[in-house]
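Chemist: You'll find upload-v4.txt just under this line, and it carries compact mmCIF, C-alpha atoms.
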```
# COMPACT_ATOMS: atom_id res chain seq x y z
CA GLY A 1 8.62 -28.63 36.78
CA THR A 2 10.34 -27.89 33.53
CA HIS A 3 8.39 -24.72 32.78
CA THR A 4 8.37 -21.47 34.72
CA GLY A 5 6.35 -18.35 34.02
CA VAL A 6 7.29 -14.90 35.28
CA ASN A 7 4.51 -12.33 35.08
CA ILE A 8 5.51 -8.65 35.14
CA THR A 9 2.70 -6.11 35.39
CA PHE A 10 3.52 -2.83 33.69
CA GLN A 11 1.26 0.08 34.56
CA LEU A 12 1.75 3.76 33.84
CA PRO A 13 1.14 6.11 36.78
CA ASP A 14 -2.16 7.98 36.73
CA GLY A 15 -1.93 11.13 34.71
CA GLU A 16 1.46 10.16 33.26
CA GLN A 17 0.27 8.30 30.17
CA GLY A 18 1.70 10.91 27.81
CA VAL A 19 5.02 11.42 29.64
CA LEU A 20 8.16 9.55 28.68
CA ASP A 21 10.91 9.20 31.26
CA PRO A 22 14.13 10.85 29.99
CA ARG A 23 16.03 7.65 30.73
CA CYS A 24 13.61 5.79 28.46
CA ASP A 25 14.11 8.36 25.71
CA THR A 26 17.89 7.98 25.95
CA TYR A 27 17.58 4.20 25.95
CA LEU A 28 15.46 4.19 22.78
CA ASP A 29 17.81 6.60 20.99
CA SER A 30 20.84 4.50 21.92
CA LYS A 31 19.12 1.28 20.89
CA GLN A 32 18.16 2.46 17.38
CA THR A 33 15.91 -0.56 17.08
CA THR A 34 14.51 -1.94 13.85
CA TRP A 35 11.20 -0.22 14.57
CA ILE A 36 12.86 3.18 15.06
CA LYS A 37 15.15 2.76 12.03
CA THR A 38 12.21 1.83 9.83
CA ALA A 39 10.09 4.66 11.24
CA HIS A 40 12.83 7.18 10.51
CA GLN A 41 13.14 5.82 6.97
CA TRP A 42 9.43 6.42 6.41
CA PHE A 43 8.82 9.57 8.45
CA GLY A 44 12.29 11.17 8.65
CA THR A 45 13.26 13.02 11.80
CA ASN A 46 9.57 13.40 12.74
CA ALA A 47 9.23 9.70 13.51
CA PRO A 48 7.23 9.46 16.75
CA HIS A 49 9.00 7.87 19.70
CA HIS A 50 7.81 10.00 22.62
CA GLY A 51 4.78 9.81 24.85
CA SER A 52 2.96 6.64 25.86
CA ASP A 53 3.94 4.88 22.61
CA GLY A 54 7.57 5.53 23.40
CA THR A 55 7.08 4.16 26.90
CA ILE A 56 5.59 0.97 25.47
CA ARG A 57 8.51 0.59 23.07
CA CYS A 58 10.96 1.22 25.88
CA ALA A 59 9.39 -1.49 28.03
CA ALA A 60 9.17 -3.94 25.13
CA GLU A 61 12.78 -3.43 24.06
CA PHE A 62 14.00 -3.72 27.61
CA ALA A 63 12.06 -6.97 28.05
CA ARG A 64 13.57 -8.35 24.84
CA ASP A 65 17.08 -7.38 25.94
CA LEU A 66 16.49 -8.99 29.31
CA ALA A 67 15.31 -12.21 27.66
CA ILE A 68 18.43 -12.24 25.46
CA GLN A 69 20.72 -11.71 28.45
CA ILE A 70 19.08 -14.51 30.41
CA GLY A 71 19.31 -16.79 27.38
CA GLN A 72 23.03 -16.06 27.01
CA ARG A 73 23.65 -16.86 30.67
CA HIS A 74 21.58 -20.04 30.53
CA PRO A 75 21.82 -21.56 27.02
CA ASP A 76 19.82 -24.60 28.09
CA VAL A 77 16.80 -22.45 28.95
CA LYS A 78 14.34 -21.18 26.32
CA ILE A 79 13.04 -17.70 27.02
CA TYR A 80 9.74 -16.47 25.54
CA SER A 81 8.37 -12.96 25.94
CA THR A 82 4.66 -12.27 25.78
CA GLY A 83 2.04 -9.95 27.19
CA GLY A 84 0.01 -6.90 26.36
CA ILE A 85 2.99 -4.54 26.12
CA LEU A 86 4.82 -6.72 23.61
CA LEU A 87 1.60 -7.26 21.67
CA SER A 88 0.98 -3.50 21.44
CA TYR A 89 4.58 -2.99 20.33
CA SER A 90 4.50 -5.76 17.72
CA PHE A 91 1.55 -4.30 15.78
CA PRO A 92 3.27 -1.09 14.56
CA GLU A 93 6.56 -2.94 14.18
CA ALA A 94 4.97 -5.56 11.92
CA THR A 95 3.11 -2.86 9.99
CA LEU A 96 6.26 -0.93 9.11
CA ASN A 97 8.13 -4.12 8.26
CA ASP A 98 5.31 -5.16 5.91
CA LEU A 99 5.23 -1.74 4.25
CA SER A 100 8.98 -1.76 3.70
CA SER A 101 8.93 -5.24 2.15
CA LEU A 102 5.49 -5.85 0.62
CA ALA A 103 5.10 -2.47 -1.08
CA PRO A 104 8.27 -2.78 -3.22
CA LEU A 105 7.37 -6.37 -4.10
CA CYS A 106 3.87 -5.26 -5.07
CA TYR A 107 5.20 -2.59 -7.42
CA LEU A 108 7.77 -5.00 -8.88
CA ALA A 109 5.06 -7.57 -9.61
CA THR A 110 2.86 -4.82 -11.06
CA PHE A 111 5.67 -3.68 -13.36
CA LEU A 112 6.29 -7.21 -14.64
CA VAL A 113 2.60 -7.94 -15.27
CA LEU A 114 2.07 -4.62 -17.02
CA PHE A 115 5.13 -5.08 -19.20
CA LEU A 116 4.08 -8.59 -20.18
CA SER A 117 0.59 -7.29 -21.00
CA THR A 118 1.61 -4.24 -23.01
CA ARG A 119 5.13 -5.18 -24.20
CA SER A 120 5.92 -1.48 -23.91
CA VAL A 121 8.24 0.08 -21.33
CA ALA A 122 6.77 3.55 -21.93
CA ALA A 123 3.18 2.37 -21.39
CA THR A 124 4.24 0.47 -18.29
CA LEU A 125 5.95 3.52 -16.79
CA VAL A 126 2.95 5.74 -17.57
CA THR A 127 0.64 3.30 -15.81
CA LEU A 128 2.97 3.01 -12.81
CA VAL A 129 3.05 6.80 -12.43
CA VAL A 130 -0.74 6.89 -12.21
CA ILE A 131 -0.79 3.99 -9.73
CA ALA A 132 1.92 5.51 -7.51
CA LEU A 133 0.27 8.95 -7.46
CA SER A 134 -3.08 7.37 -6.56
CA SER A 135 -1.57 5.57 -3.57
CA LEU A 136 0.43 8.60 -2.41
CA SER A 137 -2.61 10.88 -2.76
CA ALA A 138 -4.69 8.51 -0.65
CA LEU A 139 -2.02 8.49 2.07
CA GLY A 140 -1.71 12.27 1.88
CA VAL A 141 -5.44 12.77 2.40
CA ALA A 142 -5.31 10.25 5.27
CA GLY A 143 -2.57 12.34 6.88
CA TRP A 144 -4.63 15.53 6.52
CA MET A 145 -7.58 13.76 8.14
CA GLY A 146 -5.41 12.73 11.08
CA TYR A 147 -5.56 8.97 10.51
CA THR A 148 -3.00 6.77 12.23
CA LEU A 149 -1.87 3.75 10.25
CA ALA A 150 -2.75 0.45 11.90
CA PRO A 151 -1.90 -3.04 10.61
CA THR A 152 -5.27 -3.08 8.81
CA SER A 153 -5.27 0.42 7.33
CA ALA A 154 -1.58 0.18 6.39
CA MET A 155 -2.53 -2.26 3.63
CA ALA A 156 -4.66 0.42 1.95
CA PRO A 157 -1.91 1.56 -0.48
CA ILE A 158 -1.53 -1.98 -1.81
CA MET A 159 -5.31 -2.21 -2.29
CA VAL A 160 -5.33 1.14 -4.10
CA THR A 161 -2.53 -0.13 -6.34
CA THR A 162 -4.52 -3.21 -7.26
CA LEU A 163 -7.68 -1.22 -8.02
CA ALA A 164 -5.89 1.57 -9.89
CA ILE A 165 -4.40 -0.95 -12.33
CA ALA A 166 -7.89 -1.78 -13.64
CA ASP A 167 -8.67 1.81 -14.67
CA ALA A 168 -5.34 2.43 -16.35
CA VAL A 169 -5.08 -0.93 -18.10
CA HIS A 170 -8.55 -0.65 -19.65
CA ILE A 171 -7.68 2.67 -21.25
CA ILE A 172 -4.16 1.71 -22.32
CA LEU A 173 -5.00 -1.68 -23.81
CA THR A 174 -8.02 -0.33 -25.69
CA ALA A 175 -5.79 2.36 -27.21
CA PHE A 176 -3.25 -0.32 -28.14
CA GLN A 177 -5.93 -2.39 -29.82
CA LEU A 178 -7.10 0.61 -31.87
CA MET A 179 -3.53 1.44 -32.84
CA ARG A 180 -3.06 -2.09 -34.11
CA GLN A 181 -6.12 -1.58 -36.28
CA GLY A 182 -4.47 1.38 -37.98
CA HIS A 183 -5.56 4.36 -35.88
CA SER A 184 -3.02 7.04 -35.01
CA LYS A 185 -1.88 7.26 -31.42
CA ASN A 186 -3.83 10.45 -30.65
CA ALA A 187 -7.01 9.17 -32.29
CA ALA A 188 -6.67 5.82 -30.48
CA ILE A 189 -6.29 7.52 -27.09
CA LEU A 190 -9.34 9.75 -27.63
CA GLN A 191 -11.45 6.84 -28.84
CA SER A 192 -10.31 4.74 -25.89
CA LEU A 193 -11.46 7.48 -23.52
CA ARG A 194 -14.85 7.65 -25.24
CA MET A 195 -15.29 3.89 -25.02
CA ASN A 196 -14.09 3.45 -21.43
CA PHE A 197 -15.18 6.65 -19.69
CA VAL A 198 -18.58 5.42 -18.55
CA PRO A 199 -17.60 1.81 -17.72
CA VAL A 200 -14.53 2.90 -15.76
CA PHE A 201 -16.56 5.57 -13.96
CA TRP A 202 -19.26 3.16 -12.81
CA THR A 203 -16.69 0.53 -11.81
CA SER A 204 -14.79 3.07 -9.73
CA PHE A 205 -17.97 4.60 -8.27
CA THR A 206 -19.44 1.29 -7.12
CA THR A 207 -16.10 0.20 -5.65
CA PHE A 208 -15.87 3.60 -3.94
CA LEU A 209 -19.28 3.07 -2.34
CA GLY A 210 -18.33 -0.46 -1.32
CA PHE A 211 -15.30 0.68 0.65
CA LEU A 212 -17.20 3.60 2.16
CA SER A 213 -19.64 1.04 3.59
CA LEU A 214 -16.84 0.00 5.96
CA ASN A 215 -17.71 3.13 7.95
CA PHE A 216 -20.56 1.10 9.43
CA SER A 217 -17.96 -1.18 11.04
CA GLU A 218 -17.36 -0.86 14.76
CA ALA A 219 -13.59 -1.29 14.29
CA PRO A 220 -11.84 2.08 13.71
CA PRO A 221 -8.98 0.55 11.65
CA LEU A 222 -11.50 -0.90 9.20
CA ARG A 223 -13.22 2.46 8.89
CA ASP A 224 -9.89 4.16 8.26
CA MET A 225 -8.91 1.56 5.68
CA GLY A 226 -12.24 1.95 3.86
CA ASN A 227 -11.91 5.73 3.70
CA ILE A 228 -8.27 5.63 2.56
CA VAL A 229 -9.00 3.13 -0.20
CA ALA A 230 -12.12 5.07 -1.25
CA VAL A 231 -10.08 8.25 -1.65
CA GLY A 232 -7.43 6.32 -3.58
CA ILE A 233 -10.07 4.94 -5.95
CA ILE A 234 -11.33 8.44 -6.78
CA TRP A 235 -7.78 9.65 -7.39
CA ALA A 236 -7.09 6.63 -9.59
CA TRP A 237 -10.14 7.39 -11.73
CA VAL A 238 -9.34 11.10 -12.03
CA LEU A 239 -5.69 10.45 -12.95
CA SER A 240 -6.65 7.68 -15.39
CA ILE A 241 -8.85 9.99 -17.46
CA THR A 242 -6.60 13.06 -17.22
CA MET A 243 -2.91 12.37 -16.60
CA LEU A 244 -2.76 8.92 -18.19
CA PRO A 245 -3.92 10.04 -21.67
CA ALA A 246 -1.66 13.11 -21.51
CA LEU A 247 1.42 11.07 -20.60
CA ALA A 248 0.57 8.42 -23.18
CA TRP A 249 0.31 11.16 -25.82
CA LEU A 250 3.73 12.55 -24.84
CA MET A 251 5.55 9.22 -24.49
CA PRO A 252 7.00 7.47 -27.59
CA ILE A 253 4.59 4.54 -27.59
CA ARG A 254 4.62 2.35 -30.68
CA VAL A 255 2.48 -0.68 -31.33
CA PRO A 256 3.17 -3.25 -34.06
CA PRO A 257 0.33 -3.85 -36.54
CA ALA A 258 -2.12 -6.62 -35.78
CA GLN A 259 -1.48 -10.12 -37.05
CA ASN A 260 -4.61 -11.98 -38.06
CA SER A 261 -3.76 -15.21 -36.32
CA ARG A 262 -6.32 -17.93 -35.80
CA LEU A 263 -6.28 -17.40 -32.03
CA GLN A 264 -6.94 -13.68 -32.42
CA VAL A 265 -9.86 -14.31 -34.76
CA ILE A 266 -11.37 -16.78 -32.29
CA MET A 267 -10.96 -14.36 -29.36
CA GLU A 268 -12.54 -11.49 -31.32
CA ARG A 269 -15.52 -13.65 -32.29
CA MET A 270 -15.93 -14.70 -28.68
CA ALA A 271 -15.77 -11.09 -27.52
CA HIS A 272 -18.41 -9.95 -30.01
CA TRP A 273 -20.69 -12.94 -29.30
```
Mind turning the file's structure into structure tokens?
Modeler:
Amino acid sequence: GTHTGVNITFQLPDGEQGVLDPRCDTYLDSKQTTWIKTAHQWFGTNAPHHGSDGTIRCAAEFARDLAIQIGQRHPDVKIYSTGGILLSYSFPEATLNDLSSLAPLCYLATFLVLFLSTRSVAATLVTLVVIALSSLSALGVAGWMGYTLAPTSAMAPIMVTTLAIADAVHIILTAFQLMRQGHSKNAAILQSLRMNFVPVFWTSFTTFLGFLSLNFSEAPPLRDMGNIVAVGIIWAWVLSITMLPALAWLMPIRVPPAQNSRLQVIMERMAHW
């Protein structure tokens, strides 16, 4: 036939699941694979590569190298690697790759949307500080609780970023609208807090309960994701009503006076209807 399958069964000895062969450790350190480089970028010198996880990575990397060597010797043969070991290795590898690429893109898109909405660099930076601290606080609490990031729970910071924008933008844009009507910056910020405190609280609280409901799931990664996002939502609300107004008061935010255009009059009538 034209297709051949080679099945290699990889099984750790009984009682040795947490032990990594020194030769495997040396092999991983000499390889400095993409997974290990990315892990060290995120976790520093404490990046985990020992124990059973290190053994899995060692086997997966060795299998990939072997496939490359066979492919170089036989260019007319296509080599594919599959199996449980490679699948277990690909999950954390894909997670770290997504975090290193999607997270910066998410914050870049957030910055552009916020700037286009507010037309103020200072207001955009203030909002980004609140969003970033909400995501980092959620990850910090997850670390204290001993959670391990899986492909599902690793997307929690991006979800927290999306939800934190709503709290901050409501307060900032309401203050901008009041400033355009002639209010001073301090008076506009205080009035914005009075107007948005209850709505933002109930929005955050109901979303918080919604993500906590994932604890009824039988999948541990979904439970972890729900708890991480729930913590991030609470931090986003707290920072939006405390740090956001304080930073907005300190930053040189200026808003041009309102122009009574026909479109604005129509939108205000529709809002009050």
Chemist: One number please: atom CA of Ile228 of chain A to atom CA of Ala138 of chain A, in Å, one decimal.
Modeler: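 Computed distance, atom CA of Ile228 of chain A to atom CA of Ala138 of chain A, equals 5.6 Å.
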Chemist: Find the distance between atom CA of Ala103 of chain A and atom CA of Pro157 of chain A and write it in Å to one decimal.
Modeler: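 If I compute the distance from atom CA of Ala103 of chain A to atom CA of Pro157 of chain A, I get 8.1 Å.
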Chemist: Residues at most 10 Å from Asn186 of chain A, counting only C-alpha atoms, excluding those fewer than 6 positions away in the same chain, as a list in words?
Modeler: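 Counting only the stated atoms, we get Ala175, Met179, Ser192, Pro245, Ala246, Ala248, Trp249 and Leu250 of chain A.
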Chemist: With distances taken over only C-alpha atoms, which residue among A:Ser213, A:Ser90, A:Gly232, A:Phe115 lies nearest Val160 of chain A?
Modeler: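 Among A:Ser213, A:Ser90, A:Gly232, A:Phe115, it is A:Gly232 that comes nearest to Val160 of chain A.
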Chemist: Restricting the calculation to all atoms listed in the file: of A:Val77, A:Val129, A:Leu139, A:Thr152, which residue gets closest to Asp98 of chain A?
Modeler: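 Result for the nearest residue to Asp98 of chain A: A:Thr152.
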Chemist: Name all residues at most 8 Å from Trp237 of chain A (count only C-alpha atoms; drop same-chain ones fewer than 2 positions away) and give them as a ChimeraX atom specification.
Modeler: /A:164,167,200-201,204,233-235,239-241
Chemist: Working from the structure I just supplied, which lacks atoms in segment 88-99 of chain A, can you model all heavy atoms there and output them as a short mmCIF file (atom, residue, chain, number, x, y, z; two decimals), in the coordinates of the input?
Modeler:
```cif
data_model
loop_
_atom_site.label_atom_id
_atom_site.label_comp_id
_atom_site.auth_asym_id
_atom_site.auth_seq_id
_atom_site.Cartn_x
_atom_site.Cartn_y
_atom_site.Cartn_z
N SER A 88 1.20 -4.86 21.92
CA SER A 88 0.98 -3.50 21.44
C SER A 88 2.18 -2.99 20.64
O SER A 88 2.03 -2.23 19.68
CB SER A 88 0.71 -2.56 22.61
OG SER A 88 -0.44 -2.97 23.33
N TYR A 89 3.36 -3.41 21.03
CA TYR A 89 4.58 -2.99 20.33
C TYR A 89 4.73 -3.71 19.00
O TYR A 89 5.24 -3.14 18.02
CB TYR A 89 5.79 -3.27 21.22
CG TYR A 89 7.12 -2.99 20.58
CD1 TYR A 89 7.53 -1.68 20.34
CD2 TYR A 89 7.98 -4.01 20.22
CE1 TYR A 89 8.76 -1.42 19.76
CE2 TYR A 89 9.20 -3.75 19.63
CZ TYR A 89 9.59 -2.45 19.42
OH TYR A 89 10.80 -2.19 18.84
N SER A 90 4.30 -4.96 18.93
CA SER A 90 4.50 -5.76 17.72
C SER A 90 3.62 -5.30 16.56
O SER A 90 4.01 -5.45 15.40
CB SER A 90 4.21 -7.24 18.02
OG SER A 90 5.11 -7.75 18.98
N PHE A 91 2.44 -4.74 16.86
CA PHE A 91 1.55 -4.30 15.78
C PHE A 91 2.19 -3.22 14.90
O PHE A 91 2.27 -3.39 13.68
CB PHE A 91 0.22 -3.83 16.35
CG PHE A 91 -0.75 -4.95 16.63
CD1 PHE A 91 -1.35 -5.08 17.87
CD2 PHE A 91 -1.05 -5.87 15.64
CE1 PHE A 91 -2.23 -6.13 18.12
CE2 PHE A 91 -1.93 -6.91 15.88
CZ PHE A 91 -2.52 -7.05 17.13
N PRO A 92 2.64 -2.09 15.45
CA PRO A 92 3.27 -1.09 14.56
C PRO A 92 4.57 -1.59 13.97
O PRO A 92 4.93 -1.21 12.84
CB PRO A 92 3.50 0.11 15.50
CG PRO A 92 3.49 -0.45 16.87
CD PRO A 92 2.54 -1.61 16.84
N GLU A 93 5.30 -2.40 14.70
CA GLU A 93 6.56 -2.94 14.18
C GLU A 93 6.29 -3.81 12.95
O GLU A 93 6.97 -3.69 11.91
CB GLU A 93 7.27 -3.76 15.27
CG GLU A 93 8.64 -4.28 14.86
CD GLU A 93 9.26 -5.11 15.96
OE1 GLU A 93 8.52 -5.87 16.63
OE2 GLU A 93 10.48 -5.00 16.16
N ALA A 94 5.31 -4.69 13.05
CA ALA A 94 4.97 -5.56 11.92
C ALA A 94 4.42 -4.75 10.74
O ALA A 94 4.69 -5.07 9.58
CB ALA A 94 3.95 -6.61 12.36
N THR A 95 3.66 -3.69 11.05
CA THR A 95 3.11 -2.86 9.99
C THR A 95 4.20 -2.21 9.16
O THR A 95 4.19 -2.24 7.92
CB THR A 95 2.20 -1.77 10.58
OG1 THR A 95 1.13 -2.40 11.30
CG2 THR A 95 1.62 -0.88 9.50
N LEU A 96 5.18 -1.60 9.82
CA LEU A 96 6.26 -0.93 9.11
C LEU A 96 7.13 -1.93 8.36
O LEU A 96 7.62 -1.65 7.26
CB LEU A 96 7.09 -0.11 10.09
CG LEU A 96 6.41 1.15 10.63
CD1 LEU A 96 7.24 1.80 11.71
CD2 LEU A 96 6.15 2.14 9.51
N ASN A 97 7.35 -3.09 8.95
CA ASN A 97 8.13 -4.12 8.26
C ASN A 97 7.41 -4.59 7.00
O ASN A 97 8.04 -4.81 5.95
CB ASN A 97 8.39 -5.30 9.19
CG ASN A 97 9.42 -4.97 10.27
OD1 ASN A 97 10.24 -4.07 10.09
ND2 ASN A 97 9.36 -5.66 11.39
N ASP A 98 6.08 -4.74 7.09
CA ASP A 98 5.31 -5.16 5.91
C ASP A 98 5.34 -4.08 4.83
O ASP A 98 5.48 -4.38 3.64
CB ASP A 98 3.86 -5.46 6.30
CG ASP A 98 3.73 -6.76 7.08
OD1 ASP A 98 4.70 -7.56 7.05
OD2 ASP A 98 2.70 -6.97 7.73
N LEU A 99 5.21 -2.82 5.24
CA LEU A 99 5.23 -1.74 4.25
C LEU A 99 6.58 -1.64 3.56
O LEU A 99 6.65 -1.36 2.36
CB LEU A 99 4.90 -0.41 4.93
CG LEU A 99 3.44 -0.16 5.28
CD1 LEU A 99 3.29 1.16 6.02
CD2 LEU A 99 2.58 -0.14 4.02
#
```
